[in-house]
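Enquirer: So here's query38.csv (CSV, C-alpha atoms and all ligand atoms).
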chain,number,residue,atom,x,y,z
A,1,MET,CA,143.8,74.1,72.2
A,2,LYS,CA,142.6,73.5,75.8
A,3,LYS,CA,139.3,72.3,74.4
A,4,THR,CA,141.0,69.8,72.1
A,5,LYS,CA,143.1,68.4,74.9
A,6,ARG,CA,140.1,67.9,77.1
A,7,LYS,CA,138.2,66.2,74.3
A,8,TRP,CA,141.1,63.7,74.0
A,9,ILE,CA,141.1,63.0,77.8
A,10,VAL,CA,137.4,62.5,77.7
A,11,ALA,CA,137.8,60.3,74.6
A,12,ILE,CA,140.4,58.1,76.3
A,13,VAL,CA,138.2,57.6,79.4
A,14,VAL,CA,135.2,56.8,77.3
A,15,THR,CA,137.2,54.4,75.1
A,16,ALA,CA,138.4,52.5,78.2
A,17,VAL,CA,135.0,52.3,79.8
A,18,PHE,CA,132.4,52.2,77.0
A,19,PRO,CA,134.0,51.3,73.7
A,20,LEU,CA,130.7,50.7,72.1
A,21,VAL,CA,129.3,54.1,73.1
A,22,PHE,CA,132.5,55.8,71.9
A,23,VAL,CA,132.2,54.2,68.5
A,24,LEU,CA,128.7,55.4,68.4
A,25,LEU,CA,129.8,58.9,69.1
A,26,ILE,CA,132.3,58.8,66.2
A,27,LEU,CA,129.8,57.6,63.8
A,28,ALA,CA,127.2,60.0,65.1
A,29,SER,CA,129.4,63.0,64.5
A,30,ILE,CA,129.2,62.2,60.8
A,31,PHE,CA,125.8,60.7,60.9
A,32,GLY,CA,124.1,63.7,62.4
A,33,ILE,CA,125.5,66.6,60.4
A,34,ASP,CA,122.4,67.6,58.6
A,35,MET,CA,119.6,66.4,60.8
A,36,ASP,CA,116.7,68.3,59.5
A,37,ALA,CA,113.3,67.1,60.5
A,38,ASP,CA,111.4,68.8,57.6
A,39,ASP,CA,113.7,67.5,55.0
A,40,VAL,CA,111.5,64.5,54.2
A,41,MET,CA,111.2,63.5,50.6
A,42,ASP,CA,108.4,61.8,48.7
A,43,GLY,CA,110.5,59.3,46.8
A,44,GLY,CA,113.8,57.5,47.0
A,45,GLY,CA,116.5,55.9,45.0
A,46,CYS,CA,116.2,52.3,45.7
A,47,SER,CA,114.4,49.7,43.5
A,48,PRO,CA,112.7,46.6,44.9
A,49,ILE,CA,114.6,43.3,44.3
A,50,GLY,CA,112.3,40.9,46.0
A,51,GLY,CA,110.4,41.3,49.2
A,52,VAL,CA,111.5,41.1,52.8
A,53,ASP,CA,111.9,37.5,54.1
A,54,MET,CA,109.5,37.9,57.0
A,55,SER,CA,110.7,34.8,58.9
A,56,ALA,CA,114.3,36.0,58.9
A,57,TRP,CA,113.2,39.5,59.7
A,58,ASP,CA,111.0,38.5,62.7
A,59,ALA,CA,113.7,36.0,64.0
A,60,THR,CA,116.3,38.7,63.9
A,61,PHE,CA,114.2,41.3,65.6
A,62,THR,CA,113.5,39.0,68.6
A,63,LYS,CA,117.1,39.6,69.8
A,64,ALA,CA,117.2,43.3,69.0
A,65,GLY,CA,116.8,44.7,72.6
A,66,VAL,CA,114.6,47.8,72.7
A,67,LEU,CA,114.2,47.7,68.9
A,68,LYS,CA,112.5,44.2,69.1
A,69,ASP,CA,109.0,45.6,68.6
A,70,LYS,CA,110.0,48.2,66.1
A,71,GLY,CA,110.1,46.1,62.9
A,72,ASP,CA,106.9,47.6,61.6
A,73,LYS,CA,107.9,51.2,62.4
A,74,ILE,CA,111.3,50.7,60.6
A,75,LYS,CA,109.4,49.4,57.6
A,76,GLU,CA,107.1,52.3,57.6
A,77,VAL,CA,109.9,54.9,57.9
A,78,ALA,CA,112.0,53.1,55.3
A,79,THR,CA,109.1,53.1,52.8
A,80,LYS,CA,108.5,56.8,53.4
A,81,GLN,CA,112.1,57.6,52.8
A,82,GLY,CA,112.5,55.3,49.8
A,83,ILE,CA,115.2,53.2,51.3
A,84,ASP,CA,115.6,49.5,52.1
A,85,PRO,CA,114.2,48.5,55.5
A,86,ILE,CA,116.8,45.7,55.7
A,87,LEU,CA,119.6,48.2,55.3
A,88,PHE,CA,117.9,50.5,57.8
A,89,ALA,CA,117.5,47.7,60.4
A,90,ALA,CA,121.0,46.4,60.0
A,91,ILE,CA,122.5,49.9,60.5
A,92,ALA,CA,120.2,50.5,63.5
A,93,PHE,CA,121.3,47.1,65.1
A,94,ASN,CA,124.9,48.0,64.5
A,95,GLU,CA,124.7,51.5,65.8
A,96,THR,CA,122.9,50.4,69.0
A,97,GLY,CA,124.7,47.1,69.7
A,98,TRP,CA,121.5,45.1,69.0
A,99,GLY,CA,119.2,47.7,70.7
A,100,THR,CA,121.2,47.8,73.9
A,101,SER,CA,123.3,51.0,73.8
A,102,ARG,CA,122.6,53.8,76.3
A,103,ALA,CA,121.8,56.1,73.4
A,104,VAL,CA,118.9,54.0,72.3
A,105,VAL,CA,117.8,52.8,75.7
A,106,GLU,CA,118.0,56.1,77.6
A,107,LYS,CA,117.7,58.7,74.8
A,108,ASN,CA,115.5,56.9,72.2
A,109,ASN,CA,118.3,57.6,69.7
A,110,PRO,CA,118.9,54.5,67.4
A,111,GLY,CA,120.9,56.4,64.8
A,112,GLY,CA,123.5,58.1,67.0
A,113,LEU,CA,122.3,61.5,65.9
A,114,MET,CA,124.0,64.4,67.7
A,115,ASP,CA,122.2,67.4,69.2
A,116,ALA,CA,122.6,70.6,67.2
A,117,ALA,CA,121.5,72.5,70.3
A,118,THR,CA,124.7,71.5,72.1
A,119,GLY,CA,126.9,72.1,69.1
A,120,MET,CA,126.8,68.4,68.2
A,121,SER,CA,128.6,67.6,71.5
A,122,THR,CA,125.9,65.3,73.0
A,123,VAL,CA,123.7,62.6,71.6
A,124,LYS,CA,120.2,64.0,70.8
A,125,VAL,CA,117.4,63.0,73.1
A,126,PHE,CA,114.1,62.0,71.5
A,127,ALA,CA,110.8,61.8,73.4
A,128,THR,CA,109.9,58.4,71.9
A,129,LEU,CA,111.8,55.7,70.1
A,130,ASP,CA,109.5,56.2,67.1
A,131,GLU,CA,110.7,59.8,66.9
A,132,GLY,CA,114.3,58.7,67.0
A,133,LEU,CA,113.6,56.2,64.2
A,134,GLU,CA,111.9,58.9,62.1
A,135,ALA,CA,114.9,61.2,62.5
A,136,MET,CA,117.3,58.3,61.6
A,137,GLY,CA,115.2,57.7,58.4
A,138,VAL,CA,115.6,61.3,57.3
A,139,THR,CA,119.4,61.1,57.7
A,140,LEU,CA,119.7,57.7,55.9
A,141,HIS,CA,117.6,59.2,53.0
A,142,ASN,CA,120.0,62.1,52.8
A,143,ARG,CA,123.1,59.8,52.8
A,144,ILE,CA,121.7,57.1,50.5
A,145,VAL,CA,119.5,59.1,48.0
A,146,LYS,CA,120.8,62.6,48.1
A,147,ASP,CA,124.5,61.9,48.6
A,148,GLY,CA,124.5,58.7,46.6
A,149,LEU,CA,126.1,56.6,49.3
A,150,ASN,CA,124.1,53.6,48.0
A,151,THR,CA,126.1,50.6,49.1
A,152,VAL,CA,127.2,49.4,52.5
A,153,GLU,CA,130.8,50.0,51.5
A,154,LYS,CA,130.1,53.6,50.5
A,155,LEU,CA,128.2,54.2,53.7
A,156,GLY,CA,130.9,52.6,55.8
A,157,ALA,CA,133.6,54.9,54.2
A,158,VAL,CA,131.7,57.9,55.6
A,159,TYR,CA,130.2,56.6,58.8
A,160,ALA,CA,133.3,54.6,60.0
A,161,PRO,CA,136.4,55.7,58.1
A,162,ILE,CA,139.3,53.4,58.6
A,163,GLY,CA,142.5,54.7,60.0
A,164,VAL,CA,141.2,58.0,61.4
A,165,ALA,CA,142.6,59.5,64.6
A,166,ASN,CA,139.4,59.2,66.5
A,167,ASP,CA,139.3,55.5,66.1
A,168,PRO,CA,142.3,54.5,68.3
A,169,ASN,CA,141.1,50.9,68.7
A,170,GLY,CA,140.6,50.4,65.0
A,171,LEU,CA,137.0,49.4,65.5
A,172,ASN,CA,135.8,51.2,62.3
A,173,VAL,CA,137.2,48.4,60.2
A,174,ASN,CA,134.4,46.2,61.5
A,175,TRP,CA,131.6,48.4,60.3
A,176,VAL,CA,131.1,47.1,56.8
A,177,PRO,CA,131.5,43.3,57.6
A,178,THR,CA,129.3,43.7,60.7
A,179,VAL,CA,126.5,45.5,58.8
A,180,ASN,CA,126.8,43.0,55.9
A,181,GLY,CA,126.5,40.1,58.5
A,182,MET,CA,123.3,41.7,59.9
A,183,ILE,CA,121.9,42.1,56.4
A,184,GLN,CA,122.4,38.4,55.8
A,185,LYS,CA,120.7,37.5,59.2
A,186,LEU,CA,117.8,39.7,58.1
A,187,GLY,CA,117.4,37.7,54.9
A,188,GLY,CA,119.4,39.8,52.5
A,189,LEU,CA,118.8,43.2,51.0
A,190,SER,CA,115.3,43.7,49.6
A,191,MET,CA,116.1,46.7,47.4
A,192,ASN,CA,118.9,47.7,45.1
A,193,CYS,CA,120.0,51.2,46.0
A,194,SER,CA,123.1,51.1,43.9
A,195,THR,CA,121.1,51.7,40.7
A,196,THR,CA,120.8,55.3,41.8
A,197,SER,CA,123.6,57.2,40.0
A,198,ALA,CA,124.7,60.4,41.6
A,199,GLY,CA,124.6,61.9,38.2
A,200,THR,CA,127.2,64.0,36.3
A,201,GLY,CA,126.3,67.4,37.8
A,202,GLN,CA,126.1,68.8,34.2
A,203,TYR,CA,122.5,69.3,33.0
A,204,ILE,CA,121.5,68.8,29.4
A,205,ILE,CA,118.9,70.9,27.6
A,206,PRO,CA,115.7,68.9,28.4
A,207,VAL,CA,114.1,69.3,24.9
A,208,ASP,CA,115.1,68.7,21.3
A,209,THR,CA,115.1,72.3,20.2
A,210,PRO,CA,116.3,74.9,22.6
A,211,ASN,CA,113.7,77.5,21.6
A,212,VAL,CA,113.3,79.7,24.7
A,213,SER,CA,110.0,81.7,24.6
A,214,SER,CA,110.1,83.1,28.1
A,215,GLY,CA,113.1,83.7,30.4
A,216,PHE,CA,113.6,83.8,34.2
A,217,VAL,CA,112.2,87.4,34.4
A,218,ASP,CA,109.6,89.5,36.0
A,219,ARG,CA,106.6,89.5,33.7
A,220,ILE,CA,102.8,89.6,33.4
A,221,ASN,CA,101.5,86.1,33.8
A,222,PRO,CA,100.0,85.3,30.4
A,223,VAL,CA,97.1,83.4,31.9
A,224,THR,CA,96.2,85.3,35.1
A,225,GLY,CA,97.4,88.8,34.0
A,226,VAL,CA,99.1,89.3,37.3
A,227,PRO,CA,102.7,90.5,37.6
A,228,GLU,CA,105.0,87.7,38.8
A,229,HIS,CA,108.5,86.5,38.7
A,230,HIS,CA,108.8,83.7,36.2
A,231,LYS,CA,110.6,81.0,38.1
A,232,GLY,CA,111.9,79.0,35.2
A,233,ILE,CA,112.3,79.2,31.5
A,234,ASP,CA,109.8,78.2,28.8
A,235,PHE,CA,110.8,76.1,25.8
A,236,ALA,CA,108.2,76.5,23.0
A,237,GLN,CA,108.0,73.0,21.5
A,238,PRO,CA,105.7,71.0,19.2
A,239,MET,CA,102.9,69.2,21.1
A,240,LEU,CA,103.9,65.7,22.3
A,241,SER,CA,107.6,66.2,21.6
A,242,ASN,CA,110.1,64.6,24.1
A,243,ILE,CA,110.9,65.9,27.5
A,244,LYS,CA,114.2,64.5,28.8
A,245,ALA,CA,115.8,64.2,32.3
A,246,ALA,CA,118.4,66.9,32.6
A,247,ASP,CA,120.6,64.6,34.7
A,248,ASP,CA,120.4,61.2,36.5
A,249,GLY,CA,118.0,61.5,39.4
A,250,VAL,CA,115.0,60.2,41.3
A,251,VAL,CA,111.4,61.2,40.6
A,252,VAL,CA,110.0,62.8,43.7
A,253,PHE,CA,106.8,64.2,42.2
A,254,ALA,CA,104.9,63.1,39.1
A,255,GLY,CA,101.3,64.0,38.4
A,256,MET,CA,98.8,66.8,38.0
A,257,GLY,CA,99.8,69.8,40.1
A,258,VAL,CA,96.4,70.3,41.8
A,259,SER,CA,95.8,73.3,44.0
A,260,GLY,CA,97.3,72.6,47.5
A,261,SER,CA,99.9,70.1,46.2
A,262,GLY,CA,102.6,72.7,46.1
A,263,PHE,CA,102.5,72.3,42.3
A,264,GLY,CA,99.3,74.2,41.5
A,265,GLY,CA,99.3,75.8,38.0
A,266,TYR,CA,102.1,73.5,36.7
A,267,GLY,CA,99.6,71.1,35.1
A,268,ASN,CA,101.1,67.6,34.7
A,269,VAL,CA,104.5,68.1,36.3
A,270,ILE,CA,107.6,66.1,37.3
A,271,LEU,CA,110.1,67.0,39.9
A,272,LEU,CA,113.5,65.2,39.9
A,273,GLU,CA,116.0,65.1,42.8
A,274,HIS,CA,119.6,65.1,41.8
A,275,ALA,CA,122.2,63.7,44.2
A,276,LYS,CA,125.3,65.1,42.6
A,277,THR,CA,124.2,68.8,42.5
A,278,LYS,CA,121.8,68.5,45.5
A,279,GLU,CA,119.3,70.3,43.3
A,280,TRP,CA,115.9,69.6,41.8
A,281,THR,CA,114.7,70.1,38.3
A,282,LEU,CA,111.0,70.6,37.4
A,283,TYR,CA,109.2,69.9,34.1
A,284,GLY,CA,105.8,71.5,33.8
A,285,HIS,CA,102.7,71.6,31.6
A,286,GLN,CA,103.2,68.1,30.2
A,287,SER,CA,100.6,66.3,28.1
A,288,GLY,CA,101.7,62.9,29.4
A,289,ILE,CA,103.9,61.7,32.2
A,290,LEU,CA,106.0,58.6,31.6
A,291,VAL,CA,107.6,58.0,35.0
A,292,LYS,CA,106.3,57.5,38.6
A,293,VAL,CA,107.5,58.6,42.0
A,294,GLY,CA,110.5,56.7,43.3
A,295,GLN,CA,111.7,55.8,39.8
A,296,VAL,CA,115.4,56.3,39.0
A,297,VAL,CA,116.0,58.1,35.7
A,298,ARG,CA,119.1,58.6,33.7
A,299,LYS,CA,120.2,61.8,32.0
A,300,GLY,CA,118.5,62.0,28.6
A,301,ASP,CA,115.7,59.5,29.4
A,302,VAL,CA,112.4,60.6,28.0
A,303,ILE,CA,110.3,61.3,31.1
A,304,GLY,CA,107.3,62.9,29.5
A,305,LYS,CA,105.7,64.6,26.5
A,306,VAL,CA,105.2,68.3,25.9
A,307,GLY,CA,101.7,69.6,26.4
A,308,SER,CA,99.8,72.7,27.6
A,309,THR,CA,98.2,71.6,30.9
A,310,GLY,CA,97.8,73.9,33.9
A,311,GLN,CA,98.4,77.6,33.5
A,312,SER,CA,99.6,77.6,29.9
A,313,THR,CA,98.7,79.3,26.6
A,314,GLY,CA,100.3,76.8,24.2
A,315,PRO,CA,102.5,73.7,24.1
A,316,HIS,CA,105.8,74.3,25.9
A,317,LEU,CA,108.0,73.0,28.6
A,318,HIS,CA,108.4,75.1,31.7
A,319,PHE,CA,111.7,74.1,33.2
A,320,GLU,CA,113.1,75.0,36.6
A,321,ILE,CA,116.3,74.4,38.5
A,322,ARG,CA,115.7,74.5,42.3
A,323,LYS,CA,118.1,74.7,45.2
A,324,GLU,CA,115.4,73.4,47.5
A,325,LYS,CA,112.7,70.9,46.9
A,326,MET,CA,109.8,73.4,47.2
A,327,GLY,CA,111.6,76.6,46.1
A,328,GLY,CA,115.0,78.3,45.6
A,329,GLN,CA,114.7,78.6,41.8
A,330,ILE,CA,117.7,79.8,39.9
A,331,ASP,CA,117.9,81.0,36.3
A,332,PRO,CA,118.4,77.8,34.2
A,333,ALA,CA,119.5,79.7,31.1
A,334,PRO,CA,123.2,80.3,32.0
A,335,VAL,CA,123.4,76.8,33.5
A,336,LEU,CA,122.1,75.2,30.2
A,337,GLY,CA,124.0,77.7,28.1
A,338,VAL,CA,120.9,78.9,26.2
A,339,GLN,CA,120.0,82.4,25.1
A,340,THR,CA,116.8,84.1,26.4
A,341,LYS,CA,115.3,87.0,24.5
A,342,ASN,CA,113.0,88.2,27.3
A,401,ZN,ZN,107.0,79.0,32.4
Just give me the structure as structure tokens.

Expert:
Amino acid sequence: MKKTKRKWIVAIVVTAVFPLVFVLLILASIFGIDMDADDVMDGGGCSPIGGVDMSAWDATFTKAGVLKDKGDKIKEVATKQGIDPILFAAIAFNETGWGTSRAVVEKNNPGGLMDAATGMSTVKVFATLDEGLEAMGVTLHNRIVKDGLNTVEKLGAVYAPIGVANDPNGLNVNWVPTVNGMIQKLGGLSMNCSTTSAGTGQYIIPVDTPNVSSGFVDRINPVTGVPEHHKGIDFAQPMLSNIKAADDGVVVFAGMGVSGSGFGGYGNVILLEHAKTKEWTLYGHQSGILVKVGQVVRKGDVIGKVGSTGQSTGPHLHFEIRKEKMGGQIDPAPVLGVQTKN
């Protein structure tokens, strides 16, 4: 109780003195929830719709305070995170009052990320502005690609909800129009992120005939002869039959799982990231891959063809459901409603 009262007093003082900083803190409390530096993805859910208008981009950056020389860095991080650099820049300008807020000037924190070490009670300090931009990119990826907040309106509803108690001056109502105005100044969006559907959360069986030849069990690896836990289920299928996306998602890995890639033994393999379930599905041992990293796929889309590449003794699809990008496999059989014999 006491703590809540004190927070309010602090809040009122801050509102009176630094309205900009206060808004930043409100946004940051939502913005920084799952700051996780190692949660970087390979792909993204935004498709190019024309390039960046470099003259508008450069002209806008000249008045961006401490961010004025960070145009290239923002592009680099946005590319890595599979999101639109225009959207990234517009949100950074808005969060920092055109690169002038105390958070960005004194703490190298352009995204208003809170510090987990202080229980999210203070703005996180970064050693360099580049580090702060990298962290902001991870968070934006999580909001836009993972959570499916793929329009300015959807982002605004989460970052700056209208009518909430911690927005006594009603400043949140400005978030969407201000960000949209900055996007226009920057030359307009260069990617369409709204093509990413969050998906249904209900996976379909990714092959035409649900013929399970090996379940999610401890077994002797048929290729190496070594005991192992089989981390997925195998569907025995005719060579070159269709492999379908289990739900809407984004391709985050597509290629030969060479040793050291994290996908060794899987042969030609695809990993999809699903925003709705916050899970990944994996499709191994393919003869041919029909999608590439960054591509948005729909549930039921044919993404590859059954093969026997990698550690495999015959044509089949090895299918996994993962709670983490590089692990956390669960048994797909009960999720898909298929029977496994072994
Ligand atoms: Zn398998």

Enquirer: In Å, rounded to a single decimal, give me how far CA of Gly284 (chain A) is from CA of Val258 (chain A).

Expert: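 Pair CA of Val258 (chain A) / CA of Gly284 (chain A) returns 12.4 Å.
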
Enquirer: Can you tell me, as a PyMOL selection string, what residues are no more than 8 Å from region 307-315 of chain A when counting only C-alpha atoms, ignoring any on the same chain fewer than 5 positions away?

Expert: chain A and resi 222-223+236-240+257+264-268+285-288

Enquirer: Env of Val207 (chain A): 7 Å cut, atoms = only C-alpha atoms, seq-sep filter 2 positions within chain, self excluded. Answer as a PyMOL selection string.

Expert: chain A and resi 205+209-210+242-244

Enquirer: Please save C-alpha atoms of the selected residues as a short mmCIF file (atom, residue, chain, number, x, y, z; two decimals), in the frame of the given file.

Expert:
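In the end it all went to result.cif:
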data_model
loop_
_atom_site.label_atom_id
_atom_site.label_comp_id
_atom_site.auth_asym_id
_atom_site.auth_seq_id
_atom_site.Cartn_x
_atom_site.Cartn_y
_atom_site.Cartn_z
CA ILE A 205 118.90 70.90 27.60
CA THR A 209 115.10 72.30 20.20
CA PRO A 210 116.30 74.90 22.60
CA ASN A 242 110.10 64.60 24.10
CA ILE A 243 110.90 65.90 27.50
CA LYS A 244 114.20 64.50 28.80
#

Enquirer: Ligand ZN 401 (chain A): which residues are within 10 Å, counting only C-alpha atoms and all ligand atoms? Reply as a PDB file with C-alpha atoms, in the coordinates of the input.

Expert:
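Output file part.pdb is given in full below:
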ATOM      1  CA  VAL A 212     113.300  79.700  24.700  1.00  0.00           C
ATOM      2  CA  SER A 213     110.000  81.700  24.600  1.00  0.00           C
ATOM      3  CA  SER A 214     110.100  83.100  28.100  1.00  0.00           C
ATOM      4  CA  GLY A 215     113.100  83.700  30.400  1.00  0.00           C
ATOM      5  CA  PHE A 216     113.600  83.800  34.200  1.00  0.00           C
ATOM      6  CA  ASN A 221     101.500  86.100  33.800  1.00  0.00           C
ATOM      7  CA  PRO A 222     100.000  85.300  30.400  1.00  0.00           C
ATOM      8  CA  HIS A 229     108.500  86.500  38.700  1.00  0.00           C
ATOM      9  CA  HIS A 230     108.800  83.700  36.200  1.00  0.00           C
ATOM     10  CA  LYS A 231     110.600  81.000  38.100  1.00  0.00           C
ATOM     11  CA  GLY A 232     111.900  79.000  35.200  1.00  0.00           C
ATOM     12  CA  ILE A 233     112.300  79.200  31.500  1.00  0.00           C
ATOM     13  CA  ASP A 234     109.800  78.200  28.800  1.00  0.00           C
ATOM     14  CA  PHE A 235     110.800  76.100  25.800  1.00  0.00           C
ATOM     15  CA  ALA A 236     108.200  76.500  23.000  1.00  0.00           C
ATOM     16  CA  TYR A 266     102.100  73.500  36.700  1.00  0.00           C
ATOM     17  CA  TYR A 283     109.200  69.900  34.100  1.00  0.00           C
ATOM     18  CA  GLY A 284     105.800  71.500  33.800  1.00  0.00           C
ATOM     19  CA  HIS A 285     102.700  71.600  31.600  1.00  0.00           C
ATOM     20  CA  GLN A 311      98.400  77.600  33.500  1.00  0.00           C
ATOM     21  CA  SER A 312      99.600  77.600  29.900  1.00  0.00           C
ATOM     22  CA  HIS A 316     105.800  74.300  25.900  1.00  0.00           C
ATOM     23  CA  LEU A 317     108.000  73.000  28.600  1.00  0.00           C
ATOM     24  CA  HIS A 318     108.400  75.100  31.700  1.00  0.00           C
ATOM     25  CA  PHE A 319     111.700  74.100  33.200  1.00  0.00           C
ATOM     26  CA  GLU A 320     113.100  75.000  36.600  1.00  0.00           C
TER      27      GLU A 320
END

Enquirer: Distance CA of Lys107 (chain A)-CA of Lys73 (chain A), one decimal place?

Expert: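 Computing it gives 17.5 Å between the two atoms.
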
Enquirer: I need the residue nearest Ala89 (chain A) from this list: A:Leu186, A:Ala127, A:Glu76, A:Gln329. Use all atoms listed in the file for the distance.

Expert: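 The shortest atom-to-atom distance to Ala89 (chain A) comes from A:Leu186.
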
Enquirer: If you take only C-alpha atoms and a cut-off of 12 Å, which residues of region 104-131 of chain A touch region 151-161 of chain A, and what are their nearest atom pairs and distances in Å to one decimal, in chain and number order, as a Markdown table?

Expert:
| residue | atom | partner | partner_atom | distance |
| --- | --- | --- | --- | --- |
| A:Gly111 | CA | A:Tyr159 | CA | 11.1 |
| A:Gly112 | CA | A:Tyr159 | CA | 10.7 |
| A:Leu113 | CA | A:Tyr159 | CA | 11.7 |

Enquirer: Could you give me, as a list in words, the residues within 7 Å of region 56-65 of chain A, counting all atoms listed in the file and dropping anything in the same chain fewer than 2 positions from it?

Expert: Asp53, Met54, Leu67, Lys68, Gly71, Phe93, Trp98, Gly99, Thr100, Lys185, Leu186 and Gly187 of chain A

Enquirer: Kindly give the distance, in Å, that separates CA of Pro332 (chain A) and CA of Cys46 (chain A), rounded to a single decimal.

Expert: 28.1 Å

Enquirer: Which polymer residues have any atom within 8 Å of an atom of Phe253 (chain A), counting all atoms listed in the file, with same-chain residues fewer than 2 positions away left out, as a list in words?

Expert: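 Here the answer would be Asp42, Gly43, Val251, Gly255, Val269, Ile270, Leu271, Leu272, Lys292 and Val293 of chain A.
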
Enquirer: Could you check which of A:Asp167, A:Lys124, A:Thr139, A:Gly262 is closest to Arg102 (chain A), using all atoms listed in the file?

Expert: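 The closest residue to Arg102 (chain A) is A:Lys124.
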
Enquirer: Got a sec: who's within 8 Å of Ile144 (chain A), counting only C-alpha atoms, leaving out chain neighbours fewer than 4 positions off, as a PyMOL selection string?

Expert: chain A and resi 45+83+140+148-151+155+193
